[in-house]
Every structure is written in C-alpha cells, then in structure tokens.
>>> print(open('my_file29.cif').read())   # mmCIF, C-alpha atoms and all ligand atoms
data_upload
#
loop_
_atom_site.label_atom_id
_atom_site.label_comp_id
_atom_site.auth_asym_id
_atom_site.auth_seq_id
_atom_site.Cartn_x
_atom_site.Cartn_y
_atom_site.Cartn_z
CA MET A 1 -0.11 45.66 118.08
CA ASN A 2 -1.91 46.69 121.23
CA PHE A 3 -3.67 49.96 120.48
CA ILE A 4 -6.93 48.43 119.22
CA ASP A 5 -9.40 47.27 121.86
CA LYS A 6 -9.21 43.44 121.91
CA GLU A 7 -13.00 42.96 121.87
CA ILE A 8 -13.40 45.33 118.93
CA GLU A 9 -10.59 43.55 117.10
CA GLU A 10 -12.31 40.20 117.66
CA TYR A 11 -15.66 41.63 116.53
CA THR A 12 -13.96 42.99 113.39
CA ARG A 13 -12.46 39.56 112.71
CA LEU A 14 -15.80 37.78 113.20
CA TYR A 15 -17.69 40.12 110.88
CA THR A 16 -15.12 40.03 108.07
CA SER A 17 -15.55 37.44 105.27
CA SER A 18 -13.88 34.09 105.90
CA GLU A 19 -10.58 33.23 104.33
CA PRO A 20 -10.21 29.93 102.40
CA GLU A 21 -9.44 26.77 104.44
CA LEU A 22 -5.89 26.63 103.04
CA LEU A 23 -5.12 30.10 104.43
CA LYS A 24 -6.58 29.11 107.82
CA GLU A 25 -4.31 26.07 107.78
CA LEU A 26 -1.29 28.20 106.81
CA ALA A 27 -1.99 30.68 109.63
CA GLU A 28 -2.37 27.82 112.15
CA PHE A 29 0.79 26.10 110.92
CA THR A 30 2.72 29.38 111.21
CA GLU A 31 1.40 30.07 114.72
CA THR A 32 2.34 26.58 115.90
CA ASN A 33 5.74 26.28 114.25
CA MET A 34 7.25 29.72 113.66
CA PRO A 35 8.76 31.82 116.46
CA MET A 36 7.91 35.08 114.63
CA ALA A 37 4.33 34.05 113.79
CA GLN A 38 3.00 37.51 114.71
CA MET A 39 4.55 38.77 111.45
CA LEU A 40 1.79 37.05 109.46
CA THR A 41 -0.83 39.59 108.33
CA GLY A 42 -3.83 37.39 109.19
CA LYS A 43 -7.49 37.34 108.29
CA ILE A 44 -8.53 41.01 108.48
CA GLU A 45 -5.57 42.47 106.60
CA GLY A 46 -5.48 39.50 104.23
CA ARG A 47 -9.12 40.08 103.27
CA LEU A 48 -8.38 43.81 102.90
CA LEU A 49 -5.49 43.02 100.51
CA LYS A 50 -7.68 40.69 98.48
CA MET A 51 -10.38 43.36 98.27
CA LEU A 52 -7.88 46.04 97.19
CA VAL A 53 -6.61 43.79 94.39
CA ALA A 54 -10.19 43.10 93.27
CA LEU A 55 -11.22 46.79 93.42
CA THR A 56 -8.14 48.13 91.61
CA GLY A 57 -8.21 45.36 88.98
CA ALA A 58 -4.47 44.95 89.60
CA LYS A 59 -2.79 42.47 87.24
CA ASN A 60 0.85 42.90 88.20
CA ILE A 61 1.67 42.90 91.92
CA LEU A 62 4.93 43.18 93.85
CA GLU A 63 5.19 42.05 97.46
CA ILE A 64 8.19 42.86 99.63
CA GLY A 65 8.27 40.51 102.64
CA MET A 66 6.59 37.16 101.96
CA PHE A 67 7.27 35.15 105.15
CA THR A 68 5.17 31.94 104.97
CA GLY A 69 3.07 33.32 102.12
CA TYR A 70 -0.22 34.33 103.75
CA SER A 71 -0.50 37.83 102.25
CA ALA A 72 0.80 36.68 98.85
CA LEU A 73 -1.87 33.97 98.61
CA SER A 74 -4.55 36.40 99.83
CA MET A 75 -3.72 38.83 97.00
CA ALA A 76 -3.26 36.10 94.38
CA GLU A 77 -6.85 34.97 95.06
CA ALA A 78 -8.18 38.16 93.46
CA LEU A 79 -5.74 38.22 90.53
CA PRO A 80 -7.13 37.20 87.14
CA ASP A 81 -5.76 33.96 85.64
CA ASP A 82 -3.19 35.92 83.61
CA GLY A 83 -2.25 38.06 86.63
CA LYS A 84 1.19 37.92 88.23
CA LEU A 85 2.53 38.43 91.74
CA THR A 86 6.27 38.70 92.41
CA THR A 87 7.13 38.25 96.08
CA CYS A 88 10.50 38.86 97.75
CA ASP A 89 12.07 37.42 100.86
CA ILE A 90 15.61 37.01 102.14
CA ASP A 91 14.89 33.80 104.05
CA GLU A 92 15.16 30.56 102.07
CA GLU A 93 13.64 28.48 104.87
CA VAL A 94 10.36 30.42 104.95
CA ALA A 95 10.32 30.32 101.15
CA LYS A 96 10.31 26.50 101.26
CA LEU A 97 7.22 26.56 103.48
CA ALA A 98 5.48 29.17 101.34
CA LYS A 99 6.19 27.13 98.18
CA ASP A 100 4.41 24.09 99.65
CA TYR A 101 1.27 26.15 100.29
CA PHE A 102 1.46 27.91 96.90
CA ALA A 103 1.63 24.46 95.25
CA ARG A 104 -1.60 23.45 97.00
CA SER A 105 -3.51 26.60 95.99
CA PRO A 106 -5.36 27.11 92.69
CA HIS A 107 -3.78 30.61 92.71
CA GLY A 108 -0.19 29.57 93.51
CA SER A 109 0.89 29.43 89.87
CA LYS A 110 0.43 33.22 89.63
CA ILE A 111 3.19 33.71 92.25
CA THR A 112 6.95 33.99 91.58
CA ILE A 113 9.37 34.02 94.53
CA GLN A 114 12.56 36.11 94.45
CA ILE A 115 15.05 35.22 97.19
CA GLY A 116 17.61 37.82 98.30
CA PRO A 117 17.83 41.31 99.78
CA ALA A 118 14.67 42.97 98.45
CA LEU A 119 16.33 46.30 97.67
CA GLU A 120 18.59 44.46 95.19
CA THR A 121 15.65 42.48 93.79
CA ILE A 122 13.63 45.66 93.21
CA ALA A 123 16.58 47.35 91.48
CA ASN A 124 16.73 44.43 89.03
CA LEU A 125 13.01 44.41 88.19
CA ASN A 126 12.44 46.02 84.78
CA GLU A 127 8.67 46.37 84.94
CA THR A 128 5.98 48.49 86.56
CA PHE A 129 3.34 47.40 89.03
CA ASP A 130 -0.36 48.11 89.64
CA LEU A 131 -0.10 47.32 93.33
CA VAL A 132 2.81 46.91 95.76
CA PHE A 133 2.57 45.52 99.29
CA LEU A 134 5.48 46.56 101.53
CA ASP A 135 5.98 44.38 104.62
CA ALA A 136 9.71 43.67 105.06
CA ASP A 137 12.49 45.08 107.29
CA LYS A 138 11.11 48.33 108.69
CA GLU A 139 14.53 50.02 109.08
CA ASN A 140 14.72 50.24 105.29
CA TYR A 141 11.16 51.50 104.74
CA VAL A 142 12.25 54.90 103.36
CA GLN A 143 14.70 53.25 100.92
CA TYR A 144 12.00 50.80 99.83
CA TYR A 145 9.56 53.65 99.25
CA GLN A 146 12.06 55.56 97.09
CA ALA A 147 12.78 52.40 95.09
CA ILE A 148 9.11 51.45 94.66
CA ILE A 149 7.49 54.76 93.61
CA PRO A 150 9.24 54.89 90.18
CA LYS A 151 8.09 51.29 89.54
CA LEU A 152 4.49 51.97 90.47
CA LYS A 153 2.12 52.80 87.60
CA SER A 154 0.24 56.08 87.66
CA ASN A 155 -2.91 55.48 89.79
CA GLY A 156 -1.11 52.44 91.23
CA LEU A 157 -1.51 51.57 94.90
CA LEU A 158 1.22 51.05 97.48
CA VAL A 159 0.04 49.34 100.68
CA ILE A 160 2.43 49.69 103.61
CA ASP A 161 2.06 47.48 106.68
CA ASN A 162 2.89 48.34 110.32
CA CYS A 163 2.80 52.09 109.70
CA LEU A 164 1.67 52.74 113.31
CA TRP A 165 4.13 50.24 114.84
CA SER A 166 2.13 49.50 118.00
CA GLY A 167 1.67 53.26 118.50
CA LYS A 168 5.42 53.84 118.88
CA VAL A 169 5.31 56.37 116.02
CA LEU A 170 3.79 58.84 118.52
CA GLU A 171 7.06 59.05 120.43
CA PRO A 172 9.66 57.41 118.19
CA GLU A 173 12.79 56.35 120.06
CA ALA A 174 14.21 53.13 118.61
CA GLU A 175 15.65 52.94 115.08
CA THR A 176 12.56 51.13 113.75
CA ASP A 177 10.09 53.61 115.31
CA ILE A 178 12.02 56.48 113.71
CA ALA A 179 12.26 54.77 110.30
CA ILE A 180 8.50 54.18 110.15
CA HIS A 181 7.67 57.68 111.37
CA ASN A 182 10.11 59.18 108.84
CA LEU A 183 8.37 57.31 106.04
CA ASN A 184 4.91 58.46 107.18
CA GLN A 185 6.23 62.03 107.24
CA LEU A 186 7.81 61.69 103.80
CA ILE A 187 4.62 60.28 102.26
CA VAL A 188 2.26 62.97 103.56
CA THR A 189 4.47 65.69 102.02
CA ASP A 190 5.29 63.86 98.77
CA PRO A 191 3.58 65.64 95.82
CA ARG A 192 3.76 62.42 93.76
CA VAL A 193 1.16 60.66 95.91
CA GLU A 194 -1.96 60.92 98.06
CA ASN A 195 -2.50 58.65 101.07
CA VAL A 196 -4.77 57.47 103.88
CA VAL A 197 -3.50 55.94 107.12
CA LEU A 198 -5.85 53.18 108.32
CA THR A 199 -5.95 52.01 111.94
CA ILE A 200 -6.32 48.38 110.87
CA ARG A 201 -4.19 45.89 112.80
CA ASP A 202 -0.75 47.59 113.24
CA GLY A 203 -1.64 50.43 110.86
CA VAL A 204 -1.85 50.30 107.07
CA ASN A 205 -0.78 53.26 104.92
CA LEU A 206 -2.62 53.32 101.59
CA VAL A 207 -0.63 55.37 99.07
CA ARG A 208 -1.93 56.16 95.57
CA LYS A 209 0.53 57.38 92.96
CA LEU A 210 -0.88 60.40 91.15
C1 LIG B 1 6.48 40.83 108.44
S1 LIG B 1 7.16 39.50 107.55
C2 LIG B 1 6.12 39.40 106.14
C3 LIG B 1 4.76 38.84 106.48
C4 LIG B 1 3.94 38.45 105.28
N1 LIG B 1 3.63 39.60 104.45
C5 LIG B 1 2.68 37.74 105.73
O1 LIG B 1 1.58 38.26 105.61
O2 LIG B 1 2.78 36.62 106.26
C6 LIG B 1 8.64 40.22 106.94
C7 LIG B 1 9.47 39.32 106.03
O3 LIG B 1 10.49 40.16 105.44
C8 LIG B 1 11.64 39.38 105.24
N2 LIG B 1 12.80 40.27 105.13
C9 LIG B 1 13.46 40.91 106.11
N3 LIG B 1 14.47 41.63 105.60
C10 LIG B 1 14.45 41.46 104.26
C11 LIG B 1 15.23 41.94 103.18
N4 LIG B 1 16.26 42.77 103.38
N5 LIG B 1 14.90 41.54 101.95
C12 LIG B 1 13.87 40.71 101.73
N6 LIG B 1 13.09 40.22 102.71
C13 LIG B 1 13.38 40.58 103.96
C14 LIG B 1 11.70 38.46 106.46
O4 LIG B 1 12.47 37.30 106.17
C15 LIG B 1 10.22 38.18 106.73
O5 LIG B 1 9.83 36.93 106.20
#
>>> encode(input="my_file29.cif", output="structure tokens")
Amino acid sequence: MNFIDKEIEEYTRLYTSSEPELLKELAEFTETNMPMAQMLTGKIEGRLLKMLVALTGAKNILEIGMFTGYSALSMAEALPDDGKLTTCDIDEEVAKLAKDYFARSPHGSKITIQIGPALETIANLNETFDLVFLDADKENYVQYYQAIIPKLKSNGLLVIDNCLWSGKVLEPEAETDIAIHNLNQLIVTDPRVENVVLTIRDGVNLVRKL
C-alpha cells in the first residue's frame, strides 16, 4: 500500500470522522498483537464502509474476510436494529478475538460469524444481500465474484478491497497480482454491473448490480 503519498494519506485520515473508541482499541490491539495487522481496513476505509451502509440503507450484509472484526463492526454501526451482517473467516483464532469485541459493542448482536472456507459458506447461504464486502484470499477473487453476484440484490453494492494491490495490477506477475487484475478486467466488461475504482488505501472497487 505505497502508491498514495504518505502526507496526503495522513491528511485524509485526520480529516475523516473519528471511529468509536472501541474500534480504535481493536485497531491498536491488532497492531500490537497480530503479525498480519496490515490486513485490517482501518479508519478511512472503515468510515467509508459505514457511510456506504448508511447511504444504501442496507439491511442484510455479507462480509467475506473478517479478521479481528474491524470492518464488520464499522458496517454494523450503520445497520438498523433489525439489520443483519454475516461475516466469514477460515481462522478460528481470529474469530475468538473478533467475538470479544463484538460482545462489547452495542452493534455486535447484529453480527453472525461463519467459520470455514468462504466459498463453501457462500454456496450454503440461501438469501440475498443488499451489500457485500469482499476482503479474503485474493487468489480466489474471481470465484468469489461469480459466487456473490447471483446473491446480490438488484441495485445491491459489492465493495472489493485491495483492487489495486499496491499498484502491482499495472504489471501483474505473481499469482495474486494476476487474480486481482483478472477480476478488475472481468468487472469492467460484465453487463450485469457498473463500477467505480477508488484510489482509497489499497484500492476499493465499488460494483453496483444493475
Ligand atoms: C484482509 S483480512 C480481512 C480484514 C478485515 N476485513 C478487517 O477489516 O480487519 C482477510 C481474512 O480472510 C481470511 N481468509 C483467508 N482465506 C479464507 C477463506 N478461504 N475463507 C474464509 N476466510 C478466509 C483470513 O483468515 C483473514 O482473516
């Protein structure tokens, strides 16, 4: 995540609304204790996710890739009391941490955790979603996309993280670079959707199902 000027990034962070204290604590805990802490979306993208949930009026959300729960809690904040967020992760250890923070949040009761390979979890979900946040194993991004689109309501929003992959999509070489670039290419030619690629953090692809 090195293509945005550091000072501009910091300015953007400073002039974006604050996140709740519990999310600050979760981000700090993750940074101190988790070797892959950079996976956490953080303040700017977390506030963007919350705003997208509020603006779309989403009531049923699916998240693929929960980690310690920062993005799930950010989105749950804007869900109405009868709203629901299903979040998937393969890692039981991170799920234990996330559960502790969900239990301390007034919005945690809206969240259901599904542990296991997310492609299997999605296949077993018999419902449609207003908003989906995709942030799991990048190598499977195309498969996730194909599995998600039929489960997204018409006018529903799919938010895809890391779609610029530190700029490596410009000259994709490694498997992950190629997978992300292939998905970006698929989306822009898919007649079922329209999309905007945002240069926020590591790139966010906003995809609206027509
Ligand atoms: C980038 S992190 C998610 C970050 C999270 N959205 C946040 O804001 O903190 C990706 C997560 O996907 C999970 N993951 C990787 N492969 C998976 C799979 N096949 N099925 C489900 N989850 C998977 C990892 O365990 C990891 O916690």
>>> closest_residue(input="my_file29.cif", among="A:Gly116, A:Pro35, A:Pro172, A:Gly83", to="Phe129 of chain A", atoms="all atoms listed in the file")
A:Gly83
>>> closest_residue(input="my_file29.cif", among="A:Asn195, A:Thr41, A:Thr56, A:Thr189", to="Asn162 of chain A", atoms="all atoms listed in the file")
A:Thr41
>>> closest_residue(input="my_file29.cif", among="A:Ile200, A:Leu40, A:Leu170, A:Ala123", to="ligand LIG 1 (chain B)", atoms="only C-alpha atoms and all ligand atoms")
A:Leu40
>>> residues_near_ligand(input="my_file29.cif", ligand="ligand LIG 1 (chain B)", cutoff="10 Å", atoms="all atoms listed in the file", output="JSON, numbers by chain")
{"A": [26, 27, 30, 36, 37, 38, 39, 40, 41, 42, 43, 45, 46, 49, 63, 64, 65, 66, 67, 68, 69, 70, 71, 72, 73, 74, 87, 88, 89, 90, 91, 92, 93, 94, 95, 98, 114, 115, 116, 117, 118, 119, 120, 121, 122, 133, 134, 135, 136, 137, 138, 139, 140, 144, 161, 162]}
>>> residues_around(input="my_file29.cif", residues="Ile180 of chain A", least_positions_apart="5", cutoff="8 Å", atoms="all atoms listed in the file", output="MDAnalysis selection string")
chainID A and resid 138:139 141:142 163:165 169
>>> axis_aligned_box(input="my_file29.cif", around="segment 62-75 of chain A", padding_each_side="5 Å", output="lines of an AutoDock Vina configuration file")
center_x = 1.9
center_y = 37.6
center_z = 99.5
size_x = 22.8
size_y = 21.2
size_z = 21.3
>>> atom_distance(input="my_file29.cif", atom1="atom CA of Met51 of chain A", atom2="atom CA of Pro80 of chain A")
13.1 Å
>>> closest_residue(input="my_file29.cif", among="A:Asp5, A:Glu25, A:Asp81, A:Glu194", to="His107 of chain A", atoms="all atoms listed in the file")
A:Asp81
>>> closest_residue(input="my_file29.cif", among="A:Thr32, A:Thr112, A:Thr128, A:Gln185", to="Asn60 of chain A", atoms="only C-alpha atoms")
A:Thr128
>>> atom_distance(input="my_file29.cif", atom1="atom CA of Lys151 of chain A", atom2="atom CA of Leu198 of chain A")
23.5 Å
>>> atom_distance(input="my_file29.cif", atom1="atom CA of Leu62 of chain A", atom2="atom CA of Ser105 of chain A")
18.7 Å
>>> closest_residue(input="my_file29.cif", among="A:Leu55, A:Val197, A:Val204, A:Leu22", to="Ala103 of chain A", atoms="only C-alpha atoms")
A:Leu22
>>> residues_around(input="my_file29.cif", residues="Ala58 of chain A", least_positions_apart="3", cutoff="10 Å", atoms="only C-alpha atoms", output="ChimeraX atom specification")
/A:52-55,61,75,78-80,83-85,129-132,156-157
>>> residues_around(input="my_file29.cif", residues="Asp190 of chain A", least_positions_apart="2", cutoff="12 Å", atoms="all atoms listed in the file", output="ChimeraX atom specification")
/A:145-146,149,183-188,192-195,207-210
>>> build_atoms(input="my_file29.cif", residues="segment 28-60 of chain A", atoms="N, CA and C atoms", output="short mmCIF file (atom, residue, chain, number, x, y, z; two decimals), in the coordinates of the input")
data_model
loop_
_atom_site.label_atom_id
_atom_site.label_comp_id
_atom_site.auth_asym_id
_atom_site.auth_seq_id
_atom_site.Cartn_x
_atom_site.Cartn_y
_atom_site.Cartn_z
N GLU A 28 -2.52 28.70 110.97
CA GLU A 28 -2.37 27.82 112.15
C GLU A 28 -1.00 27.17 112.17
N PHE A 29 -0.54 26.73 111.00
CA PHE A 29 0.79 26.10 110.92
C PHE A 29 1.85 27.12 111.36
N THR A 30 1.72 28.34 110.88
CA THR A 30 2.72 29.38 111.21
C THR A 30 2.71 29.68 112.71
N GLU A 31 1.50 29.79 113.27
CA GLU A 31 1.40 30.07 114.72
C GLU A 31 2.03 28.96 115.54
N THR A 32 1.84 27.72 115.12
CA THR A 32 2.34 26.58 115.90
C THR A 32 3.85 26.40 115.73
N ASN A 33 4.36 26.69 114.55
CA ASN A 33 5.74 26.28 114.25
C ASN A 33 6.75 27.42 114.09
N MET A 34 6.29 28.65 113.96
CA MET A 34 7.25 29.72 113.66
C MET A 34 7.37 30.68 114.84
N PRO A 35 8.59 30.94 115.30
CA PRO A 35 8.76 31.82 116.46
C PRO A 35 8.28 33.26 116.20
N MET A 36 8.33 33.69 114.94
CA MET A 36 7.91 35.08 114.63
C MET A 36 6.53 35.10 113.97
N ALA A 37 5.64 34.22 114.44
CA ALA A 37 4.33 34.05 113.79
C ALA A 37 3.52 35.34 113.76
N GLN A 38 3.78 36.26 114.69
CA GLN A 38 3.00 37.51 114.71
C GLN A 38 3.25 38.37 113.46
N MET A 39 4.28 38.00 112.67
CA MET A 39 4.55 38.77 111.45
C MET A 39 3.49 38.53 110.38
N LEU A 40 2.79 37.40 110.48
CA LEU A 40 1.79 37.05 109.46
C LEU A 40 0.63 38.05 109.51
N THR A 41 0.20 38.54 108.36
CA THR A 41 -0.83 39.59 108.33
C THR A 41 -2.16 39.13 108.93
N GLY A 42 -2.61 37.92 108.59
CA GLY A 42 -3.83 37.39 109.19
C GLY A 42 -5.09 37.75 108.44
N LYS A 43 -6.22 37.30 109.01
CA LYS A 43 -7.49 37.34 108.29
C LYS A 43 -7.92 38.76 107.87
N ILE A 44 -7.95 39.71 108.80
CA ILE A 44 -8.53 41.01 108.48
C ILE A 44 -7.71 41.73 107.40
N GLU A 45 -6.40 41.78 107.59
CA GLU A 45 -5.57 42.47 106.60
C GLU A 45 -5.48 41.66 105.30
N GLY A 46 -5.50 40.34 105.43
CA GLY A 46 -5.48 39.50 104.23
C GLY A 46 -6.72 39.73 103.37
N ARG A 47 -7.89 39.81 104.03
CA ARG A 47 -9.12 40.08 103.27
C ARG A 47 -9.11 41.50 102.69
N LEU A 48 -8.50 42.44 103.43
CA LEU A 48 -8.38 43.81 102.90
C LEU A 48 -7.51 43.79 101.64
N LEU A 49 -6.38 43.08 101.68
CA LEU A 49 -5.49 43.02 100.51
C LEU A 49 -6.21 42.41 99.32
N LYS A 50 -6.94 41.32 99.58
CA LYS A 50 -7.68 40.69 98.48
C LYS A 50 -8.67 41.69 97.88
N MET A 51 -9.39 42.41 98.76
CA MET A 51 -10.38 43.36 98.27
C MET A 51 -9.73 44.49 97.46
N LEU A 52 -8.56 44.95 97.91
CA LEU A 52 -7.88 46.04 97.19
C LEU A 52 -7.44 45.57 95.79
N VAL A 53 -7.00 44.33 95.70
CA VAL A 53 -6.61 43.79 94.39
C VAL A 53 -7.85 43.72 93.48
N ALA A 54 -8.96 43.23 94.06
CA ALA A 54 -10.19 43.10 93.27
C ALA A 54 -10.68 44.49 92.82
N LEU A 55 -10.68 45.46 93.74
CA LEU A 55 -11.22 46.79 93.42
C LEU A 55 -10.36 47.55 92.42
N THR A 56 -9.03 47.39 92.52
CA THR A 56 -8.14 48.13 91.61
C THR A 56 -8.01 47.41 90.27
N GLY A 57 -8.40 46.13 90.22
CA GLY A 57 -8.21 45.36 88.98
C GLY A 57 -6.73 45.12 88.70
N ALA A 58 -5.92 45.12 89.77
CA ALA A 58 -4.47 44.95 89.60
C ALA A 58 -4.17 43.63 88.88
N LYS A 59 -3.19 43.70 87.95
CA LYS A 59 -2.79 42.47 87.24
C LYS A 59 -1.33 42.13 87.50
N ASN A 60 -0.57 43.14 87.92
CA ASN A 60 0.85 42.90 88.20
C ASN A 60 1.18 43.45 89.59
#
